[in-house]
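Asker: So that you have it, the file is input-v1.cif, and it contains mmCIF, C-alpha atoms:
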```
data_input
#
loop_
_atom_site.label_atom_id
_atom_site.label_comp_id
_atom_site.auth_asym_id
_atom_site.auth_seq_id
_atom_site.Cartn_x
_atom_site.Cartn_y
_atom_site.Cartn_z
CA MET A 1 -21.04 -53.19 -24.60
CA VAL A 2 -19.77 -56.40 -26.17
CA SER A 3 -19.63 -59.96 -24.95
CA PRO A 4 -17.01 -60.38 -22.20
CA ASN A 5 -13.82 -62.33 -22.68
CA ALA A 6 -12.11 -64.39 -20.03
CA THR A 7 -10.41 -62.35 -17.33
CA PRO A 8 -6.78 -63.31 -16.60
CA THR A 9 -5.51 -63.40 -13.03
CA PRO A 10 -3.61 -60.18 -12.19
CA PRO A 11 -0.43 -60.03 -10.13
CA THR A 12 -0.67 -59.43 -6.38
CA PRO A 13 0.04 -55.75 -5.69
CA THR A 14 1.72 -54.07 -2.77
CA VAL A 15 -0.86 -52.40 -0.54
CA PRO A 16 -0.60 -48.60 -0.86
CA ALA A 17 -0.85 -46.26 2.06
CA THR A 18 -4.42 -45.09 2.57
CA PRO A 19 -4.62 -41.31 2.97
CA THR A 20 -7.09 -39.70 5.32
CA HIS A 21 -9.21 -36.76 4.32
CA ALA A 22 -10.90 -34.51 6.85
CA GLY A 23 -13.14 -32.94 4.21
CA ILE A 24 -15.23 -36.08 3.64
CA ASP A 25 -18.00 -36.65 6.18
CA THR A 26 -19.65 -39.90 5.15
CA GLU A 27 -22.58 -39.42 7.49
CA GLN A 28 -23.47 -35.79 6.87
CA ASP A 29 -22.31 -35.08 3.34
CA PHE A 30 -23.71 -37.85 1.16
CA ALA A 31 -23.63 -36.58 -2.40
CA TYR A 32 -27.03 -36.95 -4.05
CA GLY A 33 -26.07 -36.02 -7.55
CA PHE A 34 -27.11 -35.76 -11.16
CA ASN A 35 -24.94 -35.79 -14.24
CA VAL A 36 -26.08 -32.65 -16.03
CA ALA A 37 -25.77 -31.29 -19.53
CA TRP A 38 -24.64 -27.66 -19.60
CA ARG A 39 -23.94 -24.82 -21.98
CA GLY A 40 -20.89 -22.57 -21.85
CA ASP A 41 -21.85 -20.16 -24.64
CA ASP A 42 -22.89 -16.61 -23.93
CA GLN A 43 -26.56 -17.52 -24.41
CA GLY A 44 -26.39 -20.53 -22.10
CA GLY A 45 -27.21 -18.84 -18.81
CA PRO A 46 -30.97 -19.57 -18.81
CA TYR A 47 -30.31 -23.21 -19.78
CA ASN A 48 -27.92 -23.76 -16.87
CA GLU A 49 -30.20 -21.93 -14.46
CA ARG A 50 -33.16 -24.10 -15.43
CA ALA A 51 -31.13 -27.26 -14.88
CA ALA A 52 -29.92 -25.99 -11.50
CA GLU A 53 -33.49 -25.18 -10.45
CA LEU A 54 -34.60 -28.74 -11.25
CA VAL A 55 -31.66 -30.23 -9.36
CA GLN A 56 -32.65 -28.20 -6.34
CA GLU A 57 -36.34 -29.06 -6.66
CA ALA A 58 -35.42 -32.76 -6.66
CA GLY A 59 -33.66 -32.27 -3.32
CA PHE A 60 -30.25 -33.16 -4.76
CA ASN A 61 -27.14 -31.35 -3.55
CA TRP A 62 -24.46 -32.17 -6.17
CA VAL A 63 -24.00 -32.24 -9.93
CA ARG A 64 -21.30 -33.81 -12.04
CA VAL A 65 -20.19 -32.05 -15.21
CA GLN A 66 -17.59 -32.94 -17.80
CA ILE A 67 -15.13 -30.14 -18.52
CA GLU A 68 -12.93 -30.43 -21.60
CA TRP A 69 -9.42 -29.15 -21.04
CA LYS A 70 -9.03 -28.67 -24.80
CA ALA A 71 -11.92 -26.18 -24.84
CA LEU A 72 -10.37 -23.99 -22.13
CA GLU A 73 -6.70 -23.91 -23.18
CA ARG A 74 -6.70 -24.16 -26.96
CA GLU A 75 -3.11 -22.91 -27.13
CA PRO A 76 -0.48 -23.19 -24.38
CA GLY A 77 -1.17 -20.61 -21.70
CA GLN A 78 -4.13 -19.07 -23.52
CA TRP A 79 -7.08 -19.70 -21.24
CA ASP A 80 -10.75 -18.98 -21.79
CA TYR A 81 -12.55 -19.49 -18.48
CA ARG A 82 -15.86 -17.96 -19.59
CA PRO A 83 -17.71 -21.25 -20.27
CA VAL A 84 -16.97 -22.65 -16.81
CA ASP A 85 -17.61 -19.27 -15.19
CA ARG A 86 -21.13 -19.36 -16.64
CA LEU A 87 -21.66 -22.90 -15.41
CA VAL A 88 -20.54 -22.38 -11.83
CA ALA A 89 -22.56 -19.19 -11.47
CA ALA A 90 -25.83 -21.06 -12.00
CA TYR A 91 -25.12 -23.71 -9.37
CA ALA A 92 -23.38 -21.48 -6.83
CA ALA A 93 -26.49 -19.29 -6.73
CA ARG A 94 -28.46 -22.29 -5.43
CA GLY A 95 -25.82 -23.76 -3.13
CA ILE A 96 -25.37 -26.88 -5.26
CA LYS A 97 -21.91 -28.44 -5.22
CA ILE A 98 -20.06 -29.39 -8.39
CA LEU A 99 -17.92 -32.38 -9.24
CA GLY A 100 -15.82 -31.39 -12.22
CA SER A 101 -14.75 -34.32 -14.40
CA ILE A 102 -11.79 -33.09 -16.42
CA VAL A 103 -11.38 -34.80 -19.81
CA GLU A 104 -9.92 -34.38 -23.32
CA PRO A 105 -6.45 -32.84 -23.57
CA PRO A 106 -5.75 -30.21 -26.23
CA SER A 107 -3.94 -31.49 -29.30
CA TRP A 108 -0.83 -29.49 -28.48
CA ALA A 109 -0.48 -31.30 -25.12
CA ARG A 110 -0.74 -34.86 -26.51
CA ASP A 111 2.29 -37.05 -26.98
CA PRO A 112 2.83 -37.17 -30.76
CA THR A 113 4.38 -40.65 -30.51
CA GLY A 114 1.24 -42.13 -28.96
CA GLU A 115 3.30 -43.87 -26.29
CA GLU A 116 2.07 -41.51 -23.59
CA LEU A 117 -1.16 -39.63 -23.19
CA LEU A 118 0.66 -36.30 -22.77
CA ALA A 119 4.03 -35.10 -23.99
CA ASP A 120 4.68 -33.46 -20.60
CA TYR A 121 2.49 -34.21 -17.59
CA GLN A 122 3.66 -30.99 -15.95
CA THR A 123 1.30 -29.17 -18.33
CA PHE A 124 -1.64 -31.01 -16.78
CA GLU A 125 -0.44 -30.37 -13.26
CA GLU A 126 -0.30 -26.67 -14.07
CA ALA A 127 -3.74 -26.78 -15.69
CA MET A 128 -5.28 -28.35 -12.60
CA ARG A 129 -3.47 -25.89 -10.37
CA ARG A 130 -5.06 -23.06 -12.34
CA LEU A 131 -8.54 -24.58 -12.37
CA ALA A 132 -8.52 -25.55 -8.70
CA GLY A 133 -7.35 -22.07 -7.78
CA ARG A 134 -9.84 -20.17 -9.91
CA TYR A 135 -12.83 -22.28 -8.82
CA ARG A 136 -11.88 -22.86 -5.22
CA GLY A 137 -15.11 -22.97 -3.23
CA ARG A 138 -17.22 -23.23 -6.41
CA ILE A 139 -16.06 -26.55 -7.84
CA HIS A 140 -15.91 -28.82 -4.83
CA ALA A 141 -14.25 -31.98 -6.17
CA TRP A 142 -12.25 -32.91 -9.26
CA GLU A 143 -12.40 -36.22 -11.11
CA ILE A 144 -9.32 -36.99 -13.18
CA TRP A 145 -10.55 -38.33 -16.51
CA ASN A 146 -13.44 -40.58 -17.41
CA GLU A 147 -13.61 -44.25 -18.37
CA GLN A 148 -9.86 -44.59 -18.81
CA ASN A 149 -10.26 -48.34 -19.27
CA LEU A 150 -11.68 -47.60 -22.77
CA SER A 151 -9.26 -47.10 -25.64
CA TYR A 152 -10.90 -43.86 -26.83
CA ALA A 153 -9.66 -42.14 -23.66
CA TYR A 154 -6.11 -42.50 -24.99
CA GLY A 155 -6.66 -42.16 -28.71
CA GLY A 156 -5.22 -45.66 -28.99
CA GLU A 157 -4.72 -48.71 -26.81
CA VAL A 158 -5.59 -48.76 -23.11
CA LYS A 159 -2.43 -48.24 -21.04
CA PHE A 160 -1.92 -48.14 -17.29
CA GLY A 161 1.25 -46.06 -16.92
CA PRO A 162 -0.03 -42.95 -18.70
CA TYR A 163 -3.10 -42.79 -16.48
CA CYS A 164 -0.91 -43.17 -13.40
CA ARG A 165 1.16 -40.19 -14.47
CA LEU A 166 -1.94 -38.17 -15.36
CA LEU A 167 -3.60 -38.92 -12.02
CA GLU A 168 -0.47 -38.02 -10.06
CA ALA A 169 -0.11 -34.73 -11.94
CA GLY A 170 -3.76 -33.82 -11.50
CA TYR A 171 -3.76 -34.74 -7.81
CA ASN A 172 -0.62 -32.70 -7.13
CA GLY A 173 -1.96 -29.72 -9.06
CA VAL A 174 -5.23 -29.62 -7.12
CA LYS A 175 -3.65 -30.25 -3.72
CA ALA A 176 -1.03 -27.55 -4.23
CA VAL A 177 -3.85 -25.02 -4.28
CA ASP A 178 -6.38 -26.55 -1.90
CA PRO A 179 -5.31 -29.55 0.24
CA ASP A 180 -8.88 -29.95 1.54
CA ILE A 181 -10.61 -30.43 -1.81
CA PHE A 182 -10.81 -34.06 -2.82
CA VAL A 183 -9.70 -35.74 -6.01
CA LEU A 184 -11.45 -38.71 -7.59
CA PHE A 185 -9.99 -41.60 -9.50
CA GLY A 186 -11.73 -41.47 -12.89
CA GLY A 187 -14.80 -43.69 -13.08
CA LEU A 188 -14.15 -46.99 -14.88
CA THR A 189 -16.79 -48.24 -17.27
CA PRO A 190 -18.12 -51.72 -16.50
CA THR A 191 -17.01 -54.20 -19.13
CA GLY A 192 -15.75 -57.75 -19.35
CA VAL A 193 -13.73 -57.03 -22.49
CA ASN A 194 -9.98 -57.58 -22.37
CA ASP A 195 -8.64 -56.19 -25.63
CA PRO A 196 -6.47 -53.08 -25.16
CA ALA A 197 -7.56 -51.83 -28.58
CA ILE A 198 -11.13 -51.69 -27.22
CA ALA A 199 -11.26 -51.89 -23.43
CA ILE A 200 -9.94 -53.57 -20.30
CA ASP A 201 -12.27 -55.21 -17.79
CA ASP A 202 -12.90 -52.65 -15.05
CA VAL A 203 -12.16 -55.02 -12.15
CA LEU A 204 -8.96 -56.22 -13.82
CA TYR A 205 -7.96 -52.63 -14.59
CA LEU A 206 -8.33 -51.66 -10.94
CA GLU A 207 -6.37 -54.71 -9.78
CA GLN A 208 -3.51 -53.93 -12.10
CA PHE A 209 -3.59 -50.26 -11.18
CA TYR A 210 -3.01 -51.15 -7.53
CA ALA A 211 -0.09 -53.33 -8.63
CA LEU A 212 1.50 -50.62 -10.76
CA GLU A 213 4.84 -49.32 -9.44
CA ASP A 214 4.44 -51.29 -6.20
CA GLY A 215 1.23 -49.50 -5.31
CA LYS A 216 2.51 -45.96 -5.81
CA CYS A 217 -0.10 -45.05 -8.41
CA ALA A 218 -3.01 -45.87 -6.10
CA ARG A 219 -1.98 -43.14 -3.68
CA PHE A 220 -3.16 -40.23 -5.81
CA PHE A 221 -6.89 -40.04 -5.11
CA ASP A 222 -9.20 -39.45 -2.16
CA VAL A 223 -12.31 -41.15 -3.55
CA LEU A 224 -12.62 -44.01 -6.03
CA GLY A 225 -14.99 -43.11 -8.87
CA VAL A 226 -16.90 -46.02 -10.44
CA HIS A 227 -19.63 -46.44 -13.04
CA ALA A 228 -22.49 -48.93 -12.77
CA ASN A 229 -24.28 -49.69 -16.03
CA ALA A 230 -26.96 -52.20 -15.08
CA THR A 231 -28.26 -52.63 -18.66
CA HIS A 232 -31.87 -53.79 -18.14
CA ASN A 233 -31.21 -55.78 -14.97
CA PRO A 234 -32.99 -54.81 -11.71
CA PRO A 235 -30.61 -53.44 -9.07
CA ASP A 236 -30.94 -56.42 -6.72
CA THR A 237 -29.86 -58.98 -9.32
CA MET A 238 -26.32 -60.26 -9.95
CA TRP A 239 -24.63 -62.94 -12.02
CA PRO A 240 -24.34 -65.84 -11.38
CA ASP A 241 -26.30 -66.35 -8.14
CA LYS A 242 -29.28 -64.14 -8.93
CA PRO A 243 -29.22 -63.33 -12.65
CA GLY A 244 -31.47 -60.83 -14.35
CA PRO A 245 -34.54 -61.82 -16.38
CA GLY A 246 -33.04 -61.38 -19.85
CA PRO A 247 -33.28 -61.59 -22.75
CA GLY A 248 -29.50 -61.20 -23.10
CA TRP A 249 -27.15 -59.03 -21.08
CA ARG A 250 -27.27 -61.30 -18.06
CA ASP A 251 -24.22 -63.60 -18.19
CA HIS A 252 -21.46 -61.35 -16.85
CA PRO A 253 -21.28 -59.27 -13.66
CA SER A 254 -20.46 -56.10 -15.59
CA PHE A 255 -24.12 -56.01 -16.71
CA TYR A 256 -25.32 -55.42 -13.14
CA PHE A 257 -25.53 -52.55 -10.67
CA ARG A 258 -23.96 -54.74 -7.98
CA ARG A 259 -20.75 -54.90 -10.04
CA VAL A 260 -19.75 -52.06 -7.71
CA GLU A 261 -19.31 -54.63 -4.93
CA GLN A 262 -16.58 -56.36 -6.93
CA LEU A 263 -14.67 -53.11 -7.37
CA ARG A 264 -14.96 -52.47 -3.65
CA ALA A 265 -13.61 -55.96 -3.00
CA VAL A 266 -10.45 -55.02 -4.90
CA MET A 267 -9.99 -52.00 -2.63
CA GLU A 268 -10.56 -54.04 0.52
CA ALA A 269 -8.14 -56.73 -0.62
CA HIS A 270 -5.47 -54.03 -0.53
CA GLY A 271 -6.45 -52.54 2.80
CA ASP A 272 -7.96 -49.47 1.16
CA GLU A 273 -10.80 -47.91 3.17
CA ARG A 274 -11.25 -44.77 1.10
CA PRO A 275 -14.81 -43.94 0.00
CA VAL A 276 -16.45 -44.78 -3.32
CA TRP A 277 -18.60 -42.47 -5.44
CA ILE A 278 -20.77 -43.97 -8.16
CA THR A 279 -20.26 -41.14 -10.62
CA GLU A 280 -22.53 -42.62 -13.32
CA PHE A 281 -25.40 -45.06 -12.95
CA GLY A 282 -28.85 -45.37 -14.45
CA TRP A 283 -31.27 -47.28 -16.63
CA THR A 284 -32.19 -46.32 -20.18
CA THR A 285 -35.65 -46.89 -21.55
CA ALA A 286 -36.12 -47.79 -25.25
CA ASN A 287 -33.01 -46.46 -26.97
CA PRO A 288 -32.47 -46.00 -30.73
CA ALA A 289 -28.67 -46.22 -30.60
CA PRO A 290 -26.89 -49.47 -31.56
CA GLY A 291 -25.61 -51.34 -28.51
CA TYR A 292 -28.42 -50.12 -26.25
CA GLU A 293 -31.13 -52.50 -27.38
CA TYR A 294 -31.61 -53.66 -23.79
CA GLY A 295 -33.39 -50.38 -23.06
CA ALA A 296 -36.51 -51.74 -24.74
CA GLN A 297 -36.89 -54.07 -21.74
CA VAL A 298 -37.20 -51.16 -19.25
CA ASN A 299 -40.37 -49.06 -19.07
CA GLU A 300 -40.60 -45.68 -17.38
CA ALA A 301 -42.06 -47.05 -14.16
CA GLN A 302 -39.22 -49.56 -13.89
CA GLN A 303 -36.62 -46.89 -14.58
CA ALA A 304 -38.04 -44.88 -11.70
CA ALA A 305 -38.21 -47.83 -9.31
CA TYR A 306 -34.71 -49.08 -10.16
CA LEU A 307 -33.10 -45.68 -9.53
CA VAL A 308 -34.74 -45.31 -6.13
CA ARG A 309 -33.86 -48.88 -5.16
CA ALA A 310 -30.23 -48.31 -6.18
CA PHE A 311 -29.99 -45.41 -3.74
CA GLU A 312 -31.61 -47.55 -1.05
CA ILE A 313 -29.08 -50.35 -1.57
CA ALA A 314 -26.16 -47.96 -1.28
CA ARG A 315 -27.52 -46.16 1.77
CA THR A 316 -28.44 -49.34 3.68
CA GLU A 317 -25.86 -51.91 2.51
CA TRP A 318 -22.80 -50.00 1.31
CA PRO A 319 -21.49 -47.61 4.00
CA TRP A 320 -18.39 -47.08 1.87
CA VAL A 321 -20.43 -45.36 -0.86
CA THR A 322 -20.73 -41.68 0.03
CA GLY A 323 -21.96 -40.25 -3.26
CA MET A 324 -24.11 -41.27 -6.25
CA PHE A 325 -24.70 -39.40 -9.50
CA VAL A 326 -27.65 -40.40 -11.67
CA TRP A 327 -26.95 -40.64 -15.39
CA ASN A 328 -28.61 -38.30 -16.30
CA LEU A 329 -30.84 -35.32 -15.57
CA ASN A 330 -31.29 -33.41 -18.79
CA PHE A 331 -29.29 -34.57 -21.79
CA SER A 332 -32.63 -35.18 -23.53
CA THR A 333 -33.09 -31.39 -23.72
CA LEU A 334 -29.81 -30.86 -25.58
CA VAL A 335 -29.29 -33.86 -27.88
CA GLY A 336 -31.26 -35.15 -30.85
CA PRO A 337 -33.73 -38.06 -30.80
CA GLU A 338 -31.13 -40.52 -32.16
CA ASP A 339 -28.55 -39.80 -29.47
CA GLU A 340 -28.14 -42.60 -26.92
CA LYS A 341 -27.94 -40.18 -23.98
CA GLY A 342 -31.54 -38.99 -24.28
CA PRO A 343 -33.46 -42.05 -22.99
CA TRP A 344 -31.32 -42.21 -19.85
CA ALA A 345 -32.52 -38.75 -18.81
CA VAL A 346 -35.11 -38.23 -16.08
CA LEU A 347 -36.56 -35.25 -17.95
CA TYR A 348 -38.37 -35.20 -21.28
CA PRO A 349 -36.96 -33.06 -24.12
CA ASP A 350 -39.37 -30.25 -23.17
CA TRP A 351 -37.96 -30.23 -19.58
CA SER A 352 -41.07 -31.81 -18.09
CA PRO A 353 -40.44 -34.54 -15.50
CA ARG A 354 -40.45 -38.22 -16.37
CA PRO A 355 -41.67 -40.65 -13.68
CA ALA A 356 -38.04 -41.21 -12.67
CA TYR A 357 -37.58 -37.53 -11.78
CA GLU A 358 -40.72 -37.50 -9.67
CA ALA A 359 -39.66 -40.69 -7.89
CA LEU A 360 -36.23 -39.25 -7.11
CA ARG A 361 -37.78 -35.99 -5.92
CA ARG A 362 -40.02 -37.89 -3.48
CA MET A 363 -37.22 -40.20 -2.34
CA PRO A 364 -36.08 -39.48 1.24
CA LYS A 365 -32.60 -37.94 1.40
CA ARG A 366 -30.62 -38.62 4.54
#
```
Just give me the structure of the file as structure tokens.
Answerer:
Amino acid sequence: MVSPNATPTPPTPTVPATPTHAGIDTEQDFAYGFNVAWRGDDQGGPYNERAAELVQEAGFNWVRVQIEWKALEREPGQWDYRPVDRLVAAYAARGIKILGSIVEPPSWARDPTGEELLADYQTFEEAMRRLAGRYRGRIHAWEIWNEQNLSYAYGGEVKFGPYCRLLEAGYNGVKAVDPDIFVLFGGLTPTGVNDPAIAIDDVLYLEQFYALEDGKCARFFDVLGVHANATHNPPDTMWPDKPGPGPGWRDHPSFYFRRVEQLRAVMEAHGDERPVWITEFGWTTANPAPGYEYGAQVNEAQQAAYLVRAFEIARTEWPWVTGMFVWNLNFSTLVGPEDEKGPWAVLYPDWSPRPAYEALRRMPKR
């Protein structure tokens, strides 16, 4: 994360219609979730089963997994479902629900001019129709893309129109097969940067998305996905009224868990009462990767306490949040010691529990 730039004032959008969704019960079906690493190879069964067992032992009822479209349909119409089949089998056996975050188009589907994300968005609609149909009742929600306010998601500059078309195609594909399954707006990464070659501020991105095509684009989701990277700041802090302790990473709201409140304010300003899921949030301890130096300010006991307090805030102060997915359960068991994802995990590389896992396991779920 880099130092934030000034945020320009976006145009005032037209309020979109707010759809209702009978399948979301905000009182009974709160999603206590982990982001999980998984294996789709033919030797990956025991790995996935071990992860599923630990999710269940923690008392959590959902997982979020990233599924690469390019890995399933390498050539047009040539599908290999075996990796996802192996994944869903492990979690279905334990009654754990899955949020599938679909990412990464195959090269053949990309727009060669770079002006659009895809050459033909109908290909994505058909892909989501296939996936929603095959995994109906086993993948319980679909998130359309991930961190689309970062330039890497497009292979170039951040653009609003291509994501609108992608979201519409994905939403229509899923709903054509199962109108009751819900579709998530891809989680935006918290940043104050406003350089389309790098990133667009997440609050500004959401504002401008509501304004796009007179509000049409904001119609194509049931739940808003958001990310909350609190750096090393405790969950109760917020810039500027109650800043974190420092050093650094304290002078912009995107460095705080409560950034989520600002995204919700955008929704409410447009009369949007749909739920929010925090699809990634967490605290890293000491982290070897450049850009994550703040992790050295968080010890294991603090990581545990901050995660539990974050759930408490959402459950007692944010009735509009109906799901939260810890980043992450078990990436430490799959990546090397230099990978930034490892120190966010609540398990050690040998699968033994860190204090954060034990704290989440003991945390009341209601």
Asker: Of the candidates A:Pro162, A:Gly100, A:Pro235, A:Gly155, which shows the shortest atom-to-atom distance to Gln302 (chain A), using all atoms listed in the file?
Answerer: A:Pro235
Asker: Run the PyMOL selection byres ((chain A and resi 164) around 12) mentally over the shown coordinates, then write out the matched residues as a VMD selection string, using the chain letters and numbers from the document.
Answerer: chain A and resid 116 to 118 121 144 to 145 148 159 to 163 165 to 171 185 to 186 205 to 206 208 to 213 215 to 221
Asker: CA of Thr285 (chain A) and CA of Ser332 (chain A), how far apart in Å?
Answerer: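 Computing it gives 12.3 Å between the two atoms.
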Asker: Hey, which of A:Val308, A:Leu263, A:Met324, A:Ala230 ends up closest to Val203 (chain A)? Count all atoms listed in the file.
Answerer: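 Distance minimum relative to Val203 (chain A) lands on A:Leu263.
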Asker: Can you spell out as a PDB file with C-alpha atoms, in the coordinates of the input the set of residues that the PyMOL selection byres ((chain A and resi 366) around 8) selects in the structure I just provided?
Answerer:
```
ATOM      1  CA  PHE A  30     -23.710 -37.850   1.160  1.00  0.00           C
ATOM      2  CA  PRO A 364     -36.080 -39.480   1.240  1.00  0.00           C
ATOM      3  CA  LYS A 365     -32.600 -37.940   1.400  1.00  0.00           C
TER       4      LYS A 365
END
```
Asker: Run through the PyMOL selection byres ((chain A and resi 126) around 10) on the given coordinates and return the selected residues as a PyMOL selection string.
Answerer: chain A and resi 77+121-125+127-132+169-170+172-174+176
Asker: Mind pulling up the distance from CA of Leu307 (chain A) to CA of Ala286 (chain A)?
Answerer: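 Atom-to-atom, CA of Ala286 (chain A) and CA of Leu307 (chain A) are spaced 16.1 Å apart.
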